[in-house]
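A.B. asks: If it helps, the file is called model_13.txt and holds compact mmCIF, C-alpha atoms (C1' of nucleotides):
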# COMPACT_ATOMS: atom_id res chain seq x y z
CA MET A 1 9.87 37.27 -37.96
CA SER A 2 11.97 34.70 -36.29
CA THR A 3 9.05 33.31 -34.44
CA THR A 4 11.39 30.62 -33.18
CA PRO A 5 8.74 28.44 -31.64
CA ASP A 6 11.67 26.15 -31.11
CA ARG A 7 11.44 26.14 -27.39
CA THR A 8 7.73 25.59 -27.38
CA ASP A 9 8.04 22.70 -29.77
CA ASP A 10 10.92 21.25 -27.85
CA SER A 11 9.07 21.39 -24.60
CA LEU A 12 5.98 19.84 -26.13
CA ILE A 13 8.00 17.04 -27.61
CA ALA A 14 9.67 16.35 -24.32
CA LEU A 15 6.35 16.40 -22.53
CA ARG A 16 4.93 13.97 -25.01
CA ARG A 17 7.84 11.65 -24.53
CA ILE A 18 7.24 11.76 -20.82
CA LEU A 19 3.56 11.00 -21.19
CA ARG A 20 4.04 8.28 -23.71
CA ALA A 21 6.85 6.52 -21.92
CA THR A 22 4.95 6.51 -18.68
CA GLU A 23 1.73 5.28 -20.21
CA LEU A 24 3.33 2.44 -22.10
CA TYR A 25 5.39 1.38 -19.17
CA GLU A 26 2.38 1.46 -16.89
CA ARG A 27 0.54 -0.93 -19.18
CA LYS A 28 3.50 -3.25 -19.28
CA LEU A 29 3.94 -3.24 -15.55
CA ALA A 30 0.29 -3.86 -14.83
CA ARG A 31 0.24 -6.80 -17.19
CA SER A 32 3.29 -8.32 -15.65
CA ALA A 33 1.51 -8.31 -12.29
CA GLY A 34 -1.66 -9.82 -13.65
CA LEU A 35 -3.50 -6.53 -13.30
CA THR A 36 -4.86 -3.94 -15.65
CA PRO A 37 -3.83 -0.29 -15.41
CA PRO A 38 -7.12 0.91 -13.90
CA LYS A 39 -7.12 -1.80 -11.27
CA LEU A 40 -3.53 -1.03 -10.50
CA ARG A 41 -4.39 2.61 -10.03
CA VAL A 42 -7.11 1.75 -7.58
CA LEU A 43 -4.66 -0.24 -5.51
CA GLN A 44 -2.08 2.52 -5.72
CA ILE A 45 -4.52 5.13 -4.53
CA LEU A 46 -5.62 2.98 -1.64
CA ALA A 47 -2.10 2.10 -0.63
CA ALA A 48 -1.15 5.75 -0.64
CA ARG A 49 -3.78 6.56 1.98
CA PRO A 50 -2.80 6.43 5.60
CA ASP A 51 -5.53 3.93 6.43
CA GLY A 52 -5.39 2.09 3.12
CA SER A 53 -9.00 2.78 2.27
CA ALA A 54 -11.25 5.21 0.46
CA THR A 55 -14.84 5.56 -0.63
CA PRO A 56 -15.84 4.76 -4.20
CA LYS A 57 -16.72 8.41 -4.59
CA ALA A 58 -13.23 9.51 -3.64
CA LEU A 59 -11.73 6.94 -5.97
CA ALA A 60 -13.91 8.13 -8.82
CA VAL A 61 -12.91 11.74 -8.33
CA GLN A 62 -9.25 11.00 -8.01
CA MET A 63 -9.21 8.73 -11.04
CA GLY A 64 -11.42 10.95 -13.11
CA VAL A 65 -13.99 8.28 -13.94
CA ALA A 66 -17.64 7.75 -13.12
CA GLN A 67 -18.70 6.07 -9.93
CA ALA A 68 -20.18 3.21 -11.88
CA THR A 69 -16.77 2.51 -13.30
CA VAL A 70 -15.28 2.33 -9.86
CA THR A 71 -17.99 -0.05 -8.79
CA ALA A 72 -17.06 -2.38 -11.62
CA LEU A 73 -13.36 -2.19 -10.83
CA VAL A 74 -13.90 -2.76 -7.13
CA ASP A 75 -16.18 -5.70 -7.91
CA LYS A 76 -13.36 -7.42 -9.70
CA LEU A 77 -10.68 -6.48 -7.23
CA GLU A 78 -12.89 -7.76 -4.44
CA ALA A 79 -13.47 -11.00 -6.28
CA ASP A 80 -9.71 -11.41 -6.38
CA ARG A 81 -9.45 -10.56 -2.67
CA LEU A 82 -7.23 -7.59 -3.39
CA VAL A 83 -9.60 -5.15 -1.71
CA SER A 84 -12.50 -5.51 0.69
CA ARG A 85 -15.70 -3.55 1.12
CA LEU A 86 -16.90 -2.43 4.50
CA ARG A 87 -19.96 -0.30 5.20
CA SER A 88 -19.27 2.88 7.07
CA GLU A 89 -20.63 2.97 10.60
CA THR A 90 -21.17 6.69 10.70
CA ASP A 91 -22.91 7.01 7.37
CA ARG A 92 -24.37 3.79 6.15
CA ARG A 93 -24.67 5.03 2.62
CA GLN A 94 -20.92 5.02 2.37
CA THR A 95 -18.71 2.08 1.68
CA ASN A 96 -15.08 1.87 2.55
CA VAL A 97 -12.89 0.12 0.06
CA ALA A 98 -9.76 -1.10 1.76
CA ILE A 99 -6.70 -2.72 0.29
CA THR A 100 -5.94 -6.17 1.65
CA GLY A 101 -2.66 -7.81 2.38
CA ALA A 102 -2.91 -9.64 -0.90
CA GLY A 103 -3.55 -6.30 -2.55
CA ARG A 104 -0.36 -4.87 -1.13
CA ASP A 105 1.49 -7.95 -2.25
CA ALA A 106 0.19 -7.44 -5.77
CA LEU A 107 1.32 -3.84 -5.64
CA GLY A 108 4.75 -5.05 -4.72
CA GLN A 109 4.79 -7.05 -7.92
CA ALA A 110 4.03 -3.96 -9.96
CA PRO A 111 5.87 -1.13 -8.33
CA ASP A 112 4.94 2.29 -9.44
CA ALA A 113 5.93 3.06 -12.97
CA LEU A 114 7.34 6.44 -12.19
CA GLN A 115 9.19 5.11 -9.22
CA GLN A 116 10.82 2.44 -11.27
CA ARG A 117 11.81 4.59 -14.17
CA PHE A 118 12.51 7.86 -12.64
CA VAL A 119 13.64 7.66 -9.07
CA ARG A 120 16.90 5.93 -9.59
CA ALA A 121 18.04 8.41 -12.21
CA PHE A 122 16.79 11.35 -10.24
CA GLU A 123 18.61 10.41 -7.11
CA GLY A 124 21.82 10.22 -9.00
CA LEU A 125 21.69 13.88 -9.86
CA ALA A 126 23.59 16.63 -8.17
CA ASP A 127 21.75 18.61 -5.57
CA TRP A 128 21.29 21.73 -7.62
CA GLU A 129 20.11 19.71 -10.56
CA GLN A 130 17.44 18.08 -8.46
CA ALA A 131 16.31 21.43 -7.20
CA GLN A 132 16.04 22.85 -10.67
CA LEU A 133 14.15 19.83 -11.93
CA VAL A 134 11.63 19.97 -9.14
CA SER A 135 11.09 23.64 -9.70
CA SER A 136 10.56 23.14 -13.40
CA LEU A 137 8.23 20.21 -13.00
CA GLU A 138 6.11 22.02 -10.48
CA ARG A 139 5.90 24.97 -12.77
CA VAL A 140 4.73 22.82 -15.64
CA ALA A 141 2.26 21.01 -13.43
CA ALA A 142 0.83 24.31 -12.32
CA MET A 143 0.43 25.39 -15.91
CA LEU A 144 -1.35 22.21 -16.81
CA ASP A 145 -3.75 21.68 -13.98
CA ALA A 146 -4.45 25.26 -13.08
CA GLU A 147 -7.65 25.44 -15.05
CA GLU A 148 -8.60 22.01 -13.89
CA MET A 149 -9.37 23.23 -10.43
CA ASP A 150 -11.83 25.98 -11.03
CA ALA A 151 -13.31 24.75 -14.25
CA SER A 152 -14.30 21.42 -12.86
CA PRO A 153 -14.04 20.87 -9.16
CA VAL A 154 -15.65 17.52 -9.54
CA LEU A 155 -15.32 17.14 -13.22
CA ALA A 156 -15.38 13.42 -13.12
CA VAL A 157 -18.85 12.41 -12.30
CA GLY A 158 -21.82 12.72 -14.48
CA ASP A 159 -22.28 16.41 -14.58
CA LEU A 160 -20.46 18.16 -17.35
CA LYS A 161 -22.67 17.37 -20.27
CA THR A 162 -22.47 21.08 -20.89
CA GLY A 163 -18.96 20.51 -22.17
CA THR A 164 -18.75 22.10 -25.57
CA PRO A 165 -17.98 25.78 -25.43
CA SER A 166 -20.19 27.75 -27.71
CA MET B 1 14.02 16.69 10.26
CA SER B 2 10.93 18.59 9.28
CA THR B 3 12.42 20.29 6.28
CA THR B 4 13.83 17.20 4.65
CA PRO B 5 12.70 18.54 1.32
CA ASP B 6 12.28 15.18 -0.21
CA ARG B 7 12.94 16.25 -3.73
CA THR B 8 12.21 12.85 -5.09
CA ASP B 9 8.72 12.89 -3.68
CA ASP B 10 8.15 16.42 -4.86
CA SER B 11 9.22 15.60 -8.35
CA LEU B 12 7.05 12.52 -8.45
CA ILE B 13 4.06 14.44 -7.25
CA ALA B 14 4.58 17.11 -9.86
CA LEU B 15 5.01 14.50 -12.54
CA ARG B 16 1.81 12.82 -11.49
CA ARG B 17 -0.05 16.10 -11.65
CA ILE B 18 1.23 16.57 -15.16
CA LEU B 19 0.14 13.13 -16.23
CA ARG B 20 -3.23 13.31 -14.60
CA ALA B 21 -4.11 16.77 -15.84
CA THR B 22 -3.17 15.90 -19.37
CA GLU B 23 -5.02 12.64 -19.39
CA LEU B 24 -8.23 14.05 -18.01
CA TYR B 25 -8.16 17.01 -20.31
CA GLU B 26 -7.48 14.84 -23.29
CA ARG B 27 -10.57 12.80 -22.55
CA LYS B 28 -12.69 15.90 -22.21
CA LEU B 29 -11.40 17.40 -25.41
CA ALA B 30 -11.93 14.26 -27.42
CA ARG B 31 -15.49 14.00 -26.18
CA SER B 32 -16.24 17.57 -27.07
CA ALA B 33 -15.23 16.82 -30.64
CA GLY B 34 -17.29 13.67 -30.85
CA LEU B 35 -14.20 11.52 -30.81
CA THR B 36 -12.61 9.13 -28.39
CA PRO B 37 -9.04 9.58 -27.19
CA PRO B 38 -7.59 6.72 -29.25
CA LYS B 39 -9.28 7.92 -32.41
CA LEU B 40 -8.09 11.40 -31.71
CA ARG B 41 -4.55 10.15 -31.33
CA VAL B 42 -4.71 8.44 -34.68
CA LEU B 43 -5.75 11.68 -36.33
CA GLN B 44 -3.07 13.60 -34.50
CA ILE B 45 -0.36 11.23 -35.58
CA LEU B 46 -1.49 11.35 -39.16
CA ALA B 47 -1.77 15.13 -39.20
CA ALA B 48 1.73 15.43 -37.80
CA ARG B 49 3.19 13.56 -40.76
CA PRO B 50 4.33 15.57 -43.73
CA ASP B 51 2.07 13.63 -46.09
CA GLY B 52 -0.74 13.09 -43.62
CA SER B 53 -0.57 9.33 -43.84
CA ALA B 54 0.99 6.30 -42.22
CA THR B 55 0.72 2.53 -42.32
CA PRO B 56 -1.25 0.69 -39.68
CA LYS B 57 2.00 -0.84 -38.54
CA ALA B 58 3.55 2.55 -37.92
CA LEU B 59 0.45 3.69 -36.09
CA ALA B 60 0.50 0.60 -33.91
CA VAL B 61 4.14 1.11 -32.98
CA GLN B 62 3.75 4.77 -32.24
CA MET B 63 0.60 4.29 -30.21
CA GLY B 64 1.90 1.26 -28.41
CA VAL B 65 -1.04 -0.98 -29.31
CA ALA B 66 -1.51 -4.10 -31.39
CA GLN B 67 -2.09 -3.92 -35.10
CA ALA B 68 -5.52 -5.44 -34.67
CA THR B 69 -6.46 -2.50 -32.50
CA VAL B 70 -5.38 -0.06 -35.15
CA THR B 71 -7.43 -1.93 -37.71
CA ALA B 72 -10.51 -1.49 -35.57
CA LEU B 73 -9.87 2.20 -35.00
CA VAL B 74 -9.20 2.87 -38.65
CA ASP B 75 -12.35 0.97 -39.59
CA LYS B 76 -14.42 3.39 -37.58
CA LEU B 77 -12.57 6.48 -38.61
CA GLU B 78 -12.96 5.42 -42.22
CA ALA B 79 -16.67 4.86 -41.74
CA ASP B 80 -16.85 8.45 -40.54
CA ARG B 81 -14.80 9.64 -43.53
CA LEU B 82 -12.12 11.05 -41.26
CA VAL B 83 -9.41 8.91 -42.82
CA SER B 84 -9.12 6.92 -46.02
CA ARG B 85 -7.32 3.71 -46.85
CA LEU B 86 -5.22 3.35 -49.96
CA ARG B 87 -3.17 0.36 -50.96
CA SER B 88 0.48 1.07 -51.47
CA GLU B 89 1.66 0.80 -55.06
CA THR B 90 5.17 -0.23 -54.21
CA ASP B 91 4.26 -2.90 -51.69
CA ARG B 92 0.76 -4.16 -52.05
CA ARG B 93 0.75 -5.68 -48.60
CA GLN B 94 0.86 -2.21 -47.15
CA THR B 95 -2.04 0.13 -46.68
CA ASN B 96 -1.71 3.85 -46.35
CA VAL B 97 -4.05 5.45 -43.89
CA ALA B 98 -4.46 9.10 -44.78
CA ILE B 99 -6.30 11.82 -42.94
CA THR B 100 -9.05 13.50 -44.93
CA GLY B 101 -10.17 17.09 -45.00
CA ALA B 102 -12.99 16.18 -42.67
CA GLY B 103 -10.43 14.57 -40.41
CA ARG B 104 -8.42 17.75 -40.24
CA ASP B 105 -11.58 19.68 -39.54
CA ALA B 106 -12.35 17.37 -36.65
CA LEU B 107 -8.85 17.88 -35.34
CA GLY B 108 -9.47 21.58 -35.41
CA GLN B 109 -12.43 21.01 -33.11
CA ALA B 110 -10.22 19.22 -30.62
CA PRO B 111 -6.92 20.97 -30.67
CA ASP B 112 -4.10 19.26 -28.99
CA ALA B 113 -4.53 19.05 -25.26
CA LEU B 114 -0.99 20.04 -24.49
CA GLN B 115 -1.09 22.87 -26.95
CA GLN B 116 -4.20 24.27 -25.37
CA ARG B 117 -3.07 24.01 -21.82
CA PHE B 118 0.57 24.58 -22.00
CA VAL B 119 1.65 26.70 -24.89
CA ARG B 120 0.04 29.93 -23.84
CA ALA B 121 1.57 29.83 -20.41
CA PHE B 122 4.91 28.73 -21.72
CA GLU B 123 5.19 31.51 -24.23
CA GLY B 124 4.58 34.04 -21.53
CA LEU B 125 7.74 33.03 -19.71
CA ALA B 126 11.01 34.85 -19.82
CA ASP B 127 13.59 33.53 -22.18
CA TRP B 128 15.83 32.01 -19.58
CA GLU B 129 12.89 30.38 -17.90
CA GLN B 130 11.88 28.73 -21.12
CA ALA B 131 15.37 27.49 -21.64
CA GLN B 132 15.54 25.99 -18.20
CA LEU B 133 12.18 24.34 -18.58
CA VAL B 134 13.09 22.74 -21.87
CA SER B 135 16.31 21.47 -20.47
CA SER B 136 14.60 20.00 -17.46
CA LEU B 137 11.81 18.38 -19.44
CA GLU B 138 14.21 16.83 -21.86
CA ARG B 139 16.23 15.48 -19.04
CA VAL B 140 13.20 13.89 -17.45
CA ALA B 141 12.04 12.51 -20.76
CA ALA B 142 15.41 10.93 -21.29
CA MET B 143 15.22 9.34 -17.88
CA LEU B 144 11.81 7.91 -18.58
CA ASP B 145 12.02 6.60 -22.07
CA ALA B 146 15.60 5.47 -22.16
CA GLU B 147 14.76 1.80 -21.99
CA GLU B 148 11.79 2.25 -24.24
CA MET B 149 13.92 2.81 -27.31
CA ASP B 150 14.15 -0.74 -28.48
CA ALA B 151 10.40 -0.98 -28.81
CA SER B 152 9.77 2.37 -30.39
CA PRO B 153 11.95 3.37 -33.30
CA VAL B 154 9.88 6.37 -34.27
CA LEU B 155 8.24 7.76 -31.28
CA ALA B 156 7.46 11.38 -31.61
CA VAL B 157 5.48 13.84 -33.56
CA GLY B 158 7.97 14.32 -36.25
CA ASP B 159 11.42 14.74 -35.13
CA LEU B 160 13.34 13.90 -32.12
CA LYS B 161 15.67 16.70 -31.44
CA THR B 162 18.90 15.35 -30.18
CA GLY B 163 18.75 11.66 -29.70
CA THR B 164 19.08 10.30 -26.25
CA PRO B 165 22.62 9.67 -25.16
CA SER B 166 23.60 6.08 -24.80
C1' DT C 1 9.07 -23.09 -57.35
C1' DT C 2 8.47 -23.68 -52.62
C1' DT C 3 9.00 -21.77 -48.19
C1' DT C 4 9.26 -18.17 -45.07
C1' DT C 5 8.39 -13.69 -43.67
C1' DT C 6 5.79 -9.57 -43.49
C1' DG C 7 1.53 -6.53 -43.33
C1' DC C 8 -2.98 -6.37 -42.50
C1' DT C 9 -7.63 -8.13 -41.30
C1' DT C 10 -10.96 -11.12 -38.99
C1' DT C 11 -12.69 -13.52 -35.01
C1' DG C 12 -13.82 -14.08 -30.35
C1' DG C 13 -13.48 -12.57 -25.96
C1' DA C 14 -12.04 -9.74 -21.85
C1' DT C 15 -12.19 -5.18 -20.01
C1' DG C 16 -13.21 -0.37 -19.18
C1' DT C 17 -16.37 3.22 -19.52
C1' DC C 18 -20.49 5.75 -19.76
C1' DT C 19 -25.52 7.08 -19.05
C1' DA C 20 -29.80 6.10 -17.04
C1' DA C 21 -32.35 4.07 -13.70
C1' DG C 22 -32.68 1.92 -9.14
C1' DT C 23 -31.95 1.43 -3.98
C1' DA C 24 -30.91 3.04 0.39
C1' DA C 25 -29.63 6.31 3.85
C1' DA C 26 -29.33 11.11 5.59
C1' DG C 27 -31.27 15.76 6.10
C1' DG C 28 -34.79 19.45 5.95
C1' DG C 29 -38.94 21.57 6.17
C1' DG C 30 -43.77 21.66 7.24
C1' DC D 1 -44.03 12.51 11.91
C1' DC D 2 -44.10 12.59 6.88
C1' DC D 3 -42.49 14.10 2.47
C1' DC D 4 -39.05 15.68 -0.45
C1' DT D 5 -34.53 16.37 -1.81
C1' DT D 6 -29.84 15.17 -1.81
C1' DT D 7 -26.14 11.98 -1.54
C1' DA D 8 -23.67 7.38 -2.08
C1' DC D 9 -23.56 3.46 -4.25
C1' DT D 10 -25.13 -0.26 -7.37
C1' DT D 11 -27.35 -2.35 -11.39
C1' DA D 12 -28.39 -2.70 -16.31
C1' DG D 13 -27.46 -2.06 -20.91
C1' DA D 14 -24.69 -0.27 -24.52
C1' DC D 15 -20.27 0.84 -26.74
C1' DA D 16 -15.38 1.21 -27.35
C1' DT D 17 -10.67 -0.32 -26.67
C1' DC D 18 -7.60 -3.90 -26.79
C1' DC D 19 -5.49 -8.36 -27.44
C1' DA D 20 -4.14 -13.14 -29.01
C1' DA D 21 -4.76 -16.31 -32.50
C1' DA D 22 -5.93 -17.54 -36.91
C1' DG D 23 -6.37 -16.26 -41.77
C1' DC D 24 -4.99 -14.16 -46.13
C1' DA D 25 -2.25 -12.07 -49.50
C1' DA D 26 1.99 -10.15 -51.19
C1' DA D 27 6.98 -9.92 -50.99
C1' DA D 28 11.38 -12.02 -50.13
C1' DA D 29 14.35 -15.86 -49.64
C1' DA D 30 15.86 -20.50 -50.48
Spell out the structure here as structure tokens.
C.D. replies:
Amino acid sequence: MSTTPDRTDDSLIALRRILRATELYERKLARSAGLTPPKLRVLQILAARPDGSATPKALAVQMGVAQATVTALVDKLEADRLVSRLRSETDRRQTNVAITGAGRDALGQAPDALQQRFVRAFEGLADWEQAQLVSSLERVAAMLDAEEMDASPVLAVGDLKTGTPS
Amino acid sequence: MSTTPDRTDDSLIALRRILRATELYERKLARSAGLTPPKLRVLQILAARPDGSATPKALAVQMGVAQATVTALVDKLEADRLVSRLRSETDRRQTNVAITGAGRDALGQAPDALQQRFVRAFEGLADWEQAQLVSSLERVAAMLDAEEMDASPVLAVGDLKTGTPS
DNA sequence: TTTTTTGCTTTGGATGTCTAAGTAAAGGGG
DNA sequence: CCCCTTTACTTAGACATCCAAAGCAAAAAA
């Protein structure tokens, strides 16, 4: 039986290289901007929003960590004036965490890891190559996060103690 | 306008989904096996070696952390009998960290995140689709870790297919 | 032999992360 | 209106990761 799991192995190896390279580079970049990776991610998420703000809850879900963790991160970012807290008018339980000008400046010092590494090379590719790459990446992404959606709509927070199957 | 299929954005989004899904799932898996992600990675690296062992130095390089960090991780894994330390005969400065039977058992409880998520879907694809995916992933990986090379002589799970072009 | 380099550990401290418990606001009956 | 539940966030306490710097021991070089 020529099982030839070659392709599977090859794809896994490539995927691992992608993950590893990105992770290591992210750490390096964050350090060089005087930030840590989690803090950097908070700023990135905020900057990516149209209004530059989000609730701690939303941050927790998007980052996949507990709310308490976000609180701690925001505490420190706020102490450094990189974000600011503002109570919501409509629902006073909610807090809006907004990126400040200084926060955006800091982001500029640590541009997105993927951007840095990937974009330049990608944009040098021929049109059909770009199209194929996008198609492949989206396919892989769908494979990977498909089960994420249904299995744990809000997997981050405190709920899934139930974890272990059988 | 409208269409302007910004391929760069699309590819970045897909890449981010891949990274995020893998990271979150890895955390979940490690927890379900009573391990933490870094400890799990140590076991995975060891298990992927032909002899099931590596020096702390090699682990540090491959994981992208300081040696002191590896020492701490190995301390705990050793306390749990998941790995064992053994001084090298040929160079008594070196220590060999080897995975134990219990360590392999633990690994079995937390099978590789990518394996779990990805392999099944991948192997259901048509031959030409697999080929295209591999090609695309390898291309992306090469884009991402090209500059990484200097810092990581031995980066992958065993072998490295065709080296990256200069 | 003496010095330097190399591999690993120890120390001390910063950070991230979680769970559990607490506070405060909103919403729903009764 | 009051009580109860839910929701959003914070606080408190406990671990775990991670690092730089210093220490130690063995190998290599001078």
A.B. asks: Superposing chain A on chain B by least squares with every Cα paired in order, what RMSD results?
C.D. replies: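 Chain B versus chain A: RMSD of 6.3 Å.
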A.B. asks: Between CA of Gly52 in chain B and CA of Pro38 in chain B, what is the distance, to one decimal in Å?
C.D. replies: 17.1 Å
A.B. asks: Counting all atoms listed in the file, collect the residues of chain D whose closest atom lies at most 10 Å from chain A, and write them out as a PyMOL selection string.
C.D. replies: chain D and resi 7-11
A.B. asks: Might you pull out every residue within 9 Å of range 43-47 of chain A, with only C-alpha atoms (C1' of nucleotides) counted and same-chain residues fewer than 3 positions away left off, and present them as an MDAnalysis selection string?
C.D. replies: chainID A and resid 38:40 50:54 59 62:63 77 82:83 97:99 103:104 106:107 112
A.B. asks: Compute the distance from (16.0, 26.0, -13.0) to each atom, counting only C-alpha atoms (C1' of nucleotides), keep the residues with any atom at most 9 Å away, and return them as a count of residues only; use the coordinates of the file.
C.D. replies: 15
A.B. asks: Give me, please, the distance in Å between CA of Ala110 in chain B and CA of Leu29 in chain B, quoted to one decimal.
C.D. replies: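 Between CA of Ala110 in chain B and CA of Leu29 in chain B the gap works out to 5.6 Å.
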A.B. asks: Between C1' of DC18 in chain D and CA of Thr69 in chain B, what distance in Å does the model show, to one decimal?
C.D. replies: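 C1' of DC18 in chain D sits 6.0 Å away from CA of Thr69 in chain B.
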A.B. asks: Hey, list the chain C side of the contact with chain B: 9 Å cut-off, all atoms listed in the file, answer as a compact mmCIF listing (two decimals) with C-alpha atoms (C1' of nucleotides), in the frame of the given file.
C.D. replies:
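Generated output (out_38.txt):
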# COMPACT_ATOMS: atom_id res chain seq x y z
C1' DT C 6 5.79 -9.57 -43.49
C1' DG C 7 1.53 -6.53 -43.33
C1' DC C 8 -2.98 -6.37 -42.50
C1' DT C 9 -7.63 -8.13 -41.30
C1' DT C 10 -10.96 -11.12 -38.99
A.B. asks: Select, counting only C-alpha atoms (C1' of nucleotides), all protein, DNA and RNA residues no farther than 8 Å from (-1.3, -9.5, -27.0) in file coordinates, and express the selection as a PyMOL selection string.
C.D. replies: (chain B and resi 66) or (chain D and resi 19-20)
A.B. asks: Can you check which residues of chain B have any atom within 8 Å of chain A? Use all atoms listed in the file and format it as a ChimeraX atom specification.
C.D. replies: /B:7-8,10-12,14-15,17-19,21-22,24,28,32,64,114-115,117-119,121-123,130-134,136-138,140-141,143-145,148,155-157,160-161
